[in-house]
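Coordinates as given in final11.csv (CSV, C-alpha atoms and all ligand atoms):
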```
chain,number,residue,atom,x,y,z
A,1,MET,CA,73.8,110.1,106.3
A,2,ASN,CA,77.0,112.0,106.5
A,3,LEU,CA,79.2,111.8,109.6
A,4,LEU,CA,81.6,114.5,108.5
A,5,GLU,CA,81.1,117.5,106.3
A,6,VAL,CA,84.1,119.6,105.4
A,7,LYS,CA,83.0,122.9,103.8
A,8,ASN,CA,85.4,125.4,102.1
A,9,LEU,CA,88.3,124.5,104.3
A,10,LYS,CA,91.4,126.6,103.8
A,11,THR,CA,94.6,125.8,105.7
A,12,TYR,CA,97.6,128.0,104.8
A,13,PHE,CA,101.3,128.2,105.9
A,14,HIS,CA,102.7,131.6,106.2
A,15,SER,CA,106.5,132.3,105.9
A,16,ASP,CA,108.8,135.2,104.8
A,17,ALA,CA,108.6,133.7,101.3
A,18,GLY,CA,104.9,134.2,101.2
A,19,VAL,CA,101.8,132.1,101.7
A,20,ASN,CA,101.6,128.4,100.9
A,21,LYS,CA,98.0,127.5,100.3
A,22,ALA,CA,98.4,123.9,101.4
A,23,VAL,CA,94.6,123.3,101.4
A,24,ASP,CA,92.7,125.8,99.4
A,25,ASP,CA,89.0,125.8,99.7
A,26,ILE,CA,88.0,122.2,99.7
A,27,SER,CA,84.6,120.6,100.4
A,28,PHE,CA,83.7,117.0,100.8
A,29,THR,CA,81.6,114.6,103.0
A,30,ILE,CA,82.2,111.3,104.6
A,31,PRO,CA,79.1,109.1,105.0
A,32,LYS,CA,78.5,106.9,108.0
A,33,GLY,CA,80.1,103.5,107.8
A,34,LYS,CA,81.9,104.3,104.5
A,35,THR,CA,85.5,104.6,103.3
A,36,VAL,CA,86.5,107.8,101.5
A,37,CYS,CA,90.0,107.8,100.0
A,38,ILE,CA,92.0,110.9,99.3
A,39,VAL,CA,94.5,110.3,96.6
A,40,GLY,CA,97.1,112.7,95.2
A,41,GLU,CA,100.9,113.2,94.8
A,42,SER,CA,103.2,114.1,97.6
A,43,GLY,CA,102.6,117.7,98.7
A,44,SER,CA,99.0,117.9,97.4
A,45,GLY,CA,97.6,118.6,100.9
A,46,LYS,CA,96.4,115.2,102.0
A,47,SER,CA,98.0,115.2,105.4
A,48,ILE,CA,97.2,118.8,106.1
A,49,THR,CA,93.5,118.0,105.3
A,50,SER,CA,93.5,115.2,107.9
A,51,LEU,CA,95.5,117.2,110.5
A,52,SER,CA,93.0,120.0,110.0
A,53,ILE,CA,90.1,117.6,110.9
A,54,MET,CA,92.0,116.4,114.0
A,55,GLY,CA,92.7,120.0,115.1
A,56,LEU,CA,96.4,119.4,114.9
A,57,ILE,CA,97.5,122.3,112.8
A,58,ASP,CA,100.3,124.3,114.5
A,59,ALA,CA,102.0,127.6,113.5
A,60,PRO,CA,103.1,128.6,111.0
A,61,GLY,CA,100.0,126.7,109.7
A,62,LYS,CA,96.6,128.2,110.2
A,63,ILE,CA,93.1,127.3,109.3
A,64,GLU,CA,91.9,130.5,107.5
A,65,GLY,CA,88.3,129.5,106.9
A,66,GLY,CA,85.7,126.9,106.4
A,67,GLU,CA,83.7,124.5,108.6
A,68,ILE,CA,84.4,121.0,109.8
A,69,ILE,CA,81.0,119.6,110.8
A,70,PHE,CA,81.1,116.3,112.7
A,71,ASP,CA,77.8,114.9,113.8
A,72,GLY,CA,76.4,118.4,113.8
A,73,VAL,CA,79.2,120.1,115.6
A,74,ASP,CA,81.7,122.5,114.0
A,75,PHE,CA,85.2,121.4,115.2
A,76,LEU,CA,86.5,124.8,114.3
A,77,LYS,CA,84.3,126.4,116.9
A,78,LEU,CA,85.5,124.1,119.7
A,79,SER,CA,88.2,125.1,122.2
A,80,GLU,CA,91.6,123.2,122.3
A,81,LYS,CA,90.3,121.5,125.5
A,82,GLN,CA,87.1,120.3,123.8
A,83,MET,CA,89.2,119.1,120.8
A,84,ARG,CA,91.4,117.1,123.1
A,85,SER,CA,88.4,115.1,124.3
A,86,VAL,CA,87.2,114.6,120.7
A,87,ARG,CA,90.5,113.2,119.6
A,88,GLY,CA,90.8,109.5,120.3
A,89,ARG,CA,87.2,109.3,121.3
A,90,ASP,CA,85.2,110.5,118.3
A,91,VAL,CA,88.0,110.7,115.7
A,92,SER,CA,91.3,109.0,115.8
A,93,MET,CA,94.2,108.9,113.4
A,94,ILE,CA,96.8,106.3,112.3
A,95,PHE,CA,100.0,108.0,111.2
A,96,GLN,CA,102.3,106.8,108.5
A,97,GLU,CA,105.3,106.0,110.6
A,98,PRO,CA,104.3,103.6,113.4
A,99,MET,CA,107.6,103.7,115.3
A,100,SER,CA,107.7,107.5,115.6
A,101,SER,CA,104.1,107.6,116.9
A,102,LEU,CA,104.6,104.9,119.6
A,103,ASN,CA,106.5,106.0,122.7
A,104,PRO,CA,109.6,103.8,123.1
A,105,SER,CA,109.6,104.2,126.9
A,106,TYR,CA,106.2,102.6,127.6
A,107,THR,CA,104.8,99.1,127.0
A,108,VAL,CA,102.4,98.6,124.2
A,109,GLY,CA,99.6,97.7,126.7
A,110,TYR,CA,100.2,100.9,128.7
A,111,GLN,CA,99.9,103.0,125.5
A,112,ILE,CA,96.6,101.4,124.5
A,113,ASP,CA,95.4,101.7,128.0
A,114,GLU,CA,96.2,105.4,127.9
A,115,ALA,CA,93.4,106.0,125.4
A,116,LEU,CA,90.9,104.2,127.7
A,117,ARG,CA,92.1,106.1,130.8
A,118,LEU,CA,91.5,109.4,129.0
A,119,HIS,CA,88.2,108.7,127.3
A,120,GLN,CA,86.5,105.8,129.2
A,121,LYS,CA,86.7,107.0,132.7
A,122,HIS,CA,83.9,104.7,133.9
A,123,LEU,CA,86.0,101.6,133.4
A,124,SER,CA,87.9,100.0,136.3
A,125,LYS,CA,91.6,99.0,136.0
A,126,SER,CA,90.8,95.4,135.4
A,127,GLU,CA,88.0,96.1,132.9
A,128,ARG,CA,90.6,98.3,131.0
A,129,PHE,CA,93.1,95.4,131.1
A,130,ASP,CA,90.6,93.1,129.6
A,131,LYS,CA,89.7,95.6,126.9
A,132,VAL,CA,93.4,96.2,126.0
A,133,VAL,CA,94.0,92.4,125.7
A,134,GLU,CA,90.8,92.1,123.6
A,135,SER,CA,91.9,94.9,121.3
A,136,LEU,CA,95.4,93.3,120.8
A,137,GLU,CA,93.6,90.1,120.0
A,138,LEU,CA,91.2,91.9,117.6
A,139,VAL,CA,94.2,93.3,115.6
A,140,GLY,CA,95.7,89.9,115.4
A,141,ILE,CA,98.6,90.1,117.8
A,142,PRO,CA,99.5,86.6,119.1
A,143,TYR,CA,99.9,86.1,122.8
A,144,PRO,CA,98.2,89.4,123.7
A,145,LYS,CA,98.6,89.0,127.5
A,146,GLU,CA,102.3,88.6,127.1
A,147,LYS,CA,102.5,91.4,124.4
A,148,TYR,CA,100.9,93.8,126.8
A,149,ARG,CA,104.2,94.1,128.7
A,150,GLU,CA,106.4,94.4,125.6
A,151,TYR,CA,108.1,97.6,124.5
A,152,PRO,CA,107.6,98.8,120.9
A,153,PHE,CA,111.2,98.0,119.8
A,154,LYS,CA,110.5,94.3,120.4
A,155,LEU,CA,107.7,94.2,117.8
A,156,SER,CA,108.0,93.9,114.1
A,157,GLY,CA,106.9,96.8,111.8
A,158,GLY,CA,103.6,95.1,111.0
A,159,GLN,CA,102.9,94.4,114.7
A,160,ARG,CA,103.6,98.1,115.6
A,161,GLN,CA,101.2,99.2,112.9
A,162,ARG,CA,98.6,96.8,114.4
A,163,VAL,CA,99.2,98.3,117.9
A,164,MET,CA,98.7,101.8,116.3
A,165,ILE,CA,95.4,100.6,114.9
A,166,ALA,CA,94.5,99.1,118.3
A,167,ILE,CA,95.2,102.4,120.0
A,168,ALA,CA,93.2,104.3,117.3
A,169,MET,CA,90.3,101.8,117.6
A,170,ALA,CA,90.4,101.4,121.4
A,171,CYS,CA,87.6,103.9,122.1
A,172,GLU,CA,85.6,102.9,119.0
A,173,PRO,CA,85.8,106.2,117.2
A,174,LYS,CA,83.1,107.1,114.7
A,175,LEU,CA,85.8,108.3,112.3
A,176,LEU,CA,89.2,106.7,111.7
A,177,ILE,CA,91.7,108.6,109.7
A,178,ALA,CA,94.5,106.5,108.2
A,179,ASP,CA,97.3,108.6,106.6
A,180,GLU,CA,99.2,106.3,104.4
A,181,PRO,CA,99.1,103.6,107.0
A,182,THR,CA,100.5,100.8,104.9
A,183,THR,CA,103.3,102.7,103.0
A,184,ALA,CA,106.1,101.5,105.3
A,185,LEU,CA,104.9,97.9,105.3
A,186,ASP,CA,105.6,94.9,103.0
A,187,VAL,CA,102.9,93.7,100.7
A,188,THR,CA,101.6,90.8,102.8
A,189,ILE,CA,101.3,92.9,106.0
A,190,GLN,CA,99.7,95.7,103.9
A,191,ALA,CA,97.0,93.4,102.8
A,192,GLN,CA,96.4,92.2,106.4
A,193,VAL,CA,96.2,95.7,107.8
A,194,LEU,CA,93.6,96.6,105.1
A,195,GLU,CA,91.6,93.5,105.8
A,196,LEU,CA,91.7,94.4,109.5
A,197,MET,CA,90.4,97.9,108.9
A,198,ASN,CA,87.6,96.5,106.7
A,199,LYS,CA,86.7,94.0,109.5
A,200,LEU,CA,86.5,96.7,112.1
A,201,GLN,CA,84.4,98.9,109.8
A,202,LYS,CA,81.9,96.0,109.3
A,203,GLU,CA,81.8,95.2,113.0
A,204,LYS,CA,81.6,98.8,114.4
A,205,GLY,CA,80.2,100.8,111.5
A,206,THR,CA,83.3,103.1,111.6
A,207,SER,CA,83.7,105.7,108.9
A,208,ILE,CA,87.2,105.7,107.4
A,209,LEU,CA,89.2,108.5,105.7
A,210,PHE,CA,92.0,106.7,104.0
A,211,ILE,CA,94.9,108.6,102.5
A,212,THR,CA,97.2,107.0,100.0
A,213,HIS,CA,99.1,107.5,96.9
A,214,ASP,CA,98.6,103.9,95.9
A,215,LEU,CA,95.7,103.5,93.4
A,216,GLY,CA,95.8,99.7,93.8
A,217,VAL,CA,94.8,100.2,97.5
A,218,VAL,CA,92.2,102.8,96.5
A,219,SER,CA,90.5,100.3,94.2
A,220,LYS,CA,90.4,97.8,97.1
A,221,VAL,CA,89.0,99.9,99.9
A,222,ALA,CA,87.3,103.0,98.6
A,223,ASP,CA,83.6,103.7,98.4
A,224,GLU,CA,84.3,107.3,97.3
A,225,VAL,CA,87.5,108.9,96.1
A,226,ILE,CA,88.7,112.5,96.3
A,227,VAL,CA,91.6,113.5,94.0
A,228,MET,CA,93.7,116.3,95.4
A,229,TYR,CA,96.1,118.4,93.4
A,230,LYS,CA,98.1,121.4,94.8
A,231,GLY,CA,95.7,122.0,97.6
A,232,HIS,CA,92.5,121.6,95.5
A,233,ILE,CA,90.0,118.9,94.9
A,234,VAL,CA,90.0,118.4,91.2
A,235,GLU,CA,87.7,115.4,91.1
A,236,LYS,CA,85.3,113.6,93.5
A,237,ALA,CA,83.6,110.4,92.4
A,238,SER,CA,82.5,106.9,93.5
A,239,ALA,CA,85.4,104.4,93.2
A,240,LYS,CA,83.6,102.8,90.3
A,241,GLU,CA,83.1,106.0,88.4
A,242,LEU,CA,86.6,107.1,89.0
A,243,PHE,CA,88.2,104.0,87.6
A,244,THR,CA,85.9,103.5,84.7
A,245,ASP,CA,85.3,107.1,83.7
A,246,PRO,CA,87.9,109.6,85.1
A,247,ARG,CA,86.8,113.0,84.0
A,248,HIS,CA,89.5,115.4,85.0
A,249,PRO,CA,92.8,115.5,83.0
A,250,TYR,CA,94.8,115.2,86.2
A,251,THR,CA,92.9,112.1,87.3
A,252,GLN,CA,93.3,110.7,83.8
A,253,ALA,CA,97.1,111.3,84.0
A,254,LEU,CA,97.2,109.6,87.5
A,255,LEU,CA,95.3,106.6,86.1
A,256,HIS,CA,97.2,106.5,82.9
A,257,SER,CA,99.5,103.6,83.8
A,258,ILE,CA,96.9,101.8,85.8
A,259,PRO,CA,95.2,98.8,84.4
A,260,THR,CA,91.6,98.0,85.2
A,261,PRO,CA,91.4,97.1,88.9
A,262,GLY,CA,91.2,93.4,89.6
A,263,VAL,CA,92.8,92.6,86.3
A,264,THR,CA,96.4,93.3,87.1
A,265,LYS,CA,97.8,93.2,90.6
A,266,ARG,CA,100.6,95.5,91.6
A,267,LYS,CA,101.4,98.0,88.9
A,268,SER,CA,99.5,100.5,90.9
A,269,LYS,CA,101.8,103.4,91.8
A,270,LEU,CA,100.8,106.8,90.7
A,271,ALA,CA,101.9,107.7,87.2
A,272,THR,CA,104.5,110.4,87.0
A,273,VAL,CA,102.4,113.4,86.1
A,274,ASP,CA,103.7,116.0,83.7
A,275,ASP,CA,104.8,119.0,85.8
A,276,SER,CA,104.6,121.4,82.8
A,277,VAL,CA,100.8,121.0,82.7
A,278,ASP,CA,98.8,123.4,84.9
A,279,TYR,CA,95.9,121.1,85.8
A,280,LEU,CA,94.2,123.8,87.8
A,281,SER,CA,93.4,125.5,84.5
A,282,PHE,CA,90.9,122.8,83.7
A,283,PRO,CA,87.4,122.9,85.1
A,284,LYS,CA,87.0,120.7,88.2
A,285,GLU,CA,84.9,117.6,87.8
A,286,ILE,CA,83.1,117.3,91.0
A,287,ARG,CA,80.2,114.8,90.7
A,301,LIG,P1,100.7,115.4,101.3
A,301,LIG,O1,100.3,114.8,102.6
A,301,LIG,O2,99.6,115.4,100.2
A,301,LIG,O3,102.0,114.8,100.8
A,301,LIG,P2,100.9,117.7,102.9
A,301,LIG,O4,99.5,117.9,103.3
A,301,LIG,O5,101.9,117.2,103.9
A,301,LIG,O6,101.0,116.9,101.5
A,301,LIG,O7,101.5,119.1,102.5
A,301,LIG,C1,100.8,120.1,101.7
A,301,LIG,C2,101.6,121.4,101.6
A,301,LIG,O8,101.8,122.0,102.9
A,301,LIG,C3,103.0,121.1,101.0
A,301,LIG,O9,103.3,122.2,100.2
A,301,LIG,C4,103.9,121.2,102.3
A,301,LIG,O10,105.1,121.7,101.9
A,301,LIG,C5,103.1,122.2,103.1
A,301,LIG,N1,103.4,121.9,104.6
A,301,LIG,C6,103.1,120.8,105.2
A,301,LIG,N2,103.5,120.8,106.5
A,301,LIG,C7,104.1,122.0,106.7
A,301,LIG,C8,104.7,122.7,107.7
A,301,LIG,N3,104.8,122.2,109.0
A,301,LIG,N4,105.3,123.9,107.5
A,301,LIG,C9,105.2,124.5,106.3
A,301,LIG,N5,104.6,123.9,105.2
A,301,LIG,C10,104.1,122.7,105.4
A,302,MG,MG,101.2,113.2,103.7
```
As structure tokens, please, write out the structure in this file.
Amino acid sequence: MNLLEVKNLKTYFHSDAGVNKAVDDISFTIPKGKTVCIVGESGSGKSITSLSIMGLIDAPGKIEGGEIIFDGVDFLKLSEKQMRSVRGRDVSMIFQEPMSSLNPSYTVGYQIDEALRLHQKHLSKSERFDKVVESLELVGIPYPKEKYREYPFKLSGGQRQRVMIAIAMACEPKLLIADEPTTALDVTIQAQVLELMNKLQKEKGTSILFITHDLGVVSKVADEVIVMYKGHIVEKASAKELFTDPRHPYTQALLHSIPTPGVTKRKSKLATVDDSVDYLSFPKEIR
């Protein structure tokens, strides 16, 4: 069963210089309870894809066409008001930079509570307090009752990222979008955050769209992988197929420096891909 179906999505940026086709006619699905990874170099359209799903594309960007069908409902047909109630409740997103997405002027507890106040109106104040403490506990923040009253600057980078996950998970969304959530973290914290997302997925059946440029992370978390290049999907495959039998020359180039997953640990950054090759001239390998 698919939770999300993206069909022929086009998101363009218009400027005096012309049109930047940031996302150009992509289609993919996210099954219930599974993790789909989008991988691709910087500028390939990964973030614009996730912001399109969240309904967070602003001018000069514009969704020019396609469908984003979530549980049978086309997000692109909803009003901004309807999308506001979808965000945080059905779909939430963890952004790359935890500090800039937490508000420095409010306590962490207040900011987790905000999601509950918006989307779980039936809860009383004390029920919400218990839920916030529980979610801080769930993401592994020690002394959650005390941490409720702390301001973001008092927390470490890893703890802030955990708070972001707690906010994103507070209303138990069906889809969690994580846009390079571990890039700014050190390796140990990265592993903990990945483990945590995995645990939440197992407990709540959450679907995850995980965006990364780190193929080592992909090999750890992905059920399915989408490879993006210049706004296009050039290959779509199960994680196993992608690593054992990459078909598209661009995927092969990305994987070139990558040893078999599990065999070698960290040499997993994307290979530098030869800019002089036009990979869009090859047929797409969408399986
Ligand atoms: P990725 O996340 O894969 O690194 P993005 O999705 O952020 O890439 O960007 C895809 C393309 O859209 C890039 O060419 C980028 O320059 C362009 N783009 C992204 N955001 C904006 C914006 N606010 N205004 C104009 N162009 C943008
Ligand atoms: Mg990005």
Legend entry - Which of A:Gly216, A:Pro283, A:Pro249, A:Gly65 sits closest to Cys37 of chain A [using all atoms listed in the file]: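 Nearest candidate to Cys37 of chain A out of A:Gly216, A:Pro283, A:Pro249, A:Gly65: A:Gly216.
Taking atom CA of Gln252 of chain A as the reference point, atom CA of Lys220 of chain A is found at 18.8 Å.
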Inset, instruction - Please give me, as a count of residues only, the residues lying within 10 Å of ligand MG 302 (chain A) when counting all atoms listed in the file. - result: 19
Fewer than 3 positions away in the same chain doesn't count, so skip those; otherwise give me all residues within 12 Å of Pro144 of chain A, counting all atoms listed in the file, as a CSV table (one decimal) with C-alpha atoms, in the coordinates of the input.
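Below is the file that was written, result.csv:
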```
chain,number,residue,atom,x,y,z
A,108,VAL,CA,102.4,98.6,124.2
A,109,GLY,CA,99.6,97.7,126.7
A,129,PHE,CA,93.1,95.4,131.1
A,130,ASP,CA,90.6,93.1,129.6
A,131,LYS,CA,89.7,95.6,126.9
A,132,VAL,CA,93.4,96.2,126.0
A,133,VAL,CA,94.0,92.4,125.7
A,134,GLU,CA,90.8,92.1,123.6
A,135,SER,CA,91.9,94.9,121.3
A,136,LEU,CA,95.4,93.3,120.8
A,137,GLU,CA,93.6,90.1,120.0
A,138,LEU,CA,91.2,91.9,117.6
A,139,VAL,CA,94.2,93.3,115.6
A,140,GLY,CA,95.7,89.9,115.4
A,141,ILE,CA,98.6,90.1,117.8
A,147,LYS,CA,102.5,91.4,124.4
A,148,TYR,CA,100.9,93.8,126.8
A,149,ARG,CA,104.2,94.1,128.7
A,150,GLU,CA,106.4,94.4,125.6
A,159,GLN,CA,102.9,94.4,114.7
A,162,ARG,CA,98.6,96.8,114.4
A,163,VAL,CA,99.2,98.3,117.9
A,166,ALA,CA,94.5,99.1,118.3
```
Inset, instruction - Select all residues near (79.0, 101.3, 104.7) (cut-off 9 Å, inclusive, file coordinates), counting only C-alpha atoms, and output them as a ChimeraX atom specification. - result: /A:31-35,201-202,205-207,223
Write to file, as a compact mmCIF listing (two decimals), in the frame of the given file, the residues of the selection just made, with C-alpha atoms.
```
# COMPACT_ATOMS: atom_id res chain seq x y z
CA PRO A 31 79.10 109.10 105.00
CA LYS A 32 78.50 106.90 108.00
CA GLY A 33 80.10 103.50 107.80
CA LYS A 34 81.90 104.30 104.50
CA THR A 35 85.50 104.60 103.30
CA GLN A 201 84.40 98.90 109.80
CA LYS A 202 81.90 96.00 109.30
CA GLY A 205 80.20 100.80 111.50
CA THR A 206 83.30 103.10 111.60
CA SER A 207 83.70 105.70 108.90
CA ASP A 223 83.60 103.70 98.40
```
Inset, instruction - Around the point (91.9, 105.3, 87.3), in the coordinates given by the file, pick out the residues reaching within 6 Å, counting all atoms listed in the file, and return them as a ChimeraX atom specification. - result: /A:242-243,255
Inset, instruction - Would you please work out which residue, of A:Asn2, A:Ser85, A:Gln190, A:Ser15, is nearest to ligand LIG 301 (chain A) when using only C-alpha atoms and all ligand atoms? - result: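 The closest residue to ligand LIG 301 (chain A) is A:Ser15.
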Inset, instruction - Calculate how many Å separate atom CA of His119 of chain A from atom CA of Pro181 of chain A, rounding to one decimal. - result: 23.6 Å
Legend entry - For Ala59 of chain A: contacts at 9 Å, only C-alpha atoms, fewer than 2 positions along chain excluded, given as a PyMOL selection string: chain A and resi 13-14+57+61-62
Go ahead and write the residues just picked, C-alpha atoms, as a PDB file, keeping the file's coordinate frame.
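That gives us result_0.pdb:
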```
ATOM      1  CA  PHE A  13     101.300 128.200 105.900  1.00  0.00           C
ATOM      2  CA  HIS A  14     102.700 131.600 106.200  1.00  0.00           C
ATOM      3  CA  ILE A  57      97.500 122.300 112.800  1.00  0.00           C
ATOM      4  CA  GLY A  61     100.000 126.700 109.700  1.00  0.00           C
ATOM      5  CA  LYS A  62      96.600 128.200 110.200  1.00  0.00           C
TER       6      LYS A  62
END
```
Inset, instruction - Give the answer as one residue: which of A:Asn8, A:Ser27, A:Ser276, A:Ser52 has the shortest atom-to-atom distance to ligand LIG 301 (chain A), using all atoms listed in the file? - result: A:Ser52
Legend entry - Pick from A:Glu203, A:Phe210, A:Gly157, A:Met54 nearest to Asp186 of chain A, counting all atoms listed in the file: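 Closest to Asp186 of chain A, using all atoms listed in the file: A:Gly157.
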Inset, instruction - Using atom CA of Thr188 of chain A and atom CA of His256 of chain A as the two end points, give the distance in Å to one decimal. - result: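 Atom-to-atom, atom CA of Thr188 of chain A to atom CA of His256 of chain A, that is 25.7 Å.
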Inset, instruction - Determine the nearest neighbour of ligand LIG 301 (chain A) from the options A:Gly18, A:Pro60, A:Pro142, A:Gly55, counting only C-alpha atoms and all ligand atoms. - result: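 Under the stated criterion, the closest residue is A:Pro60.
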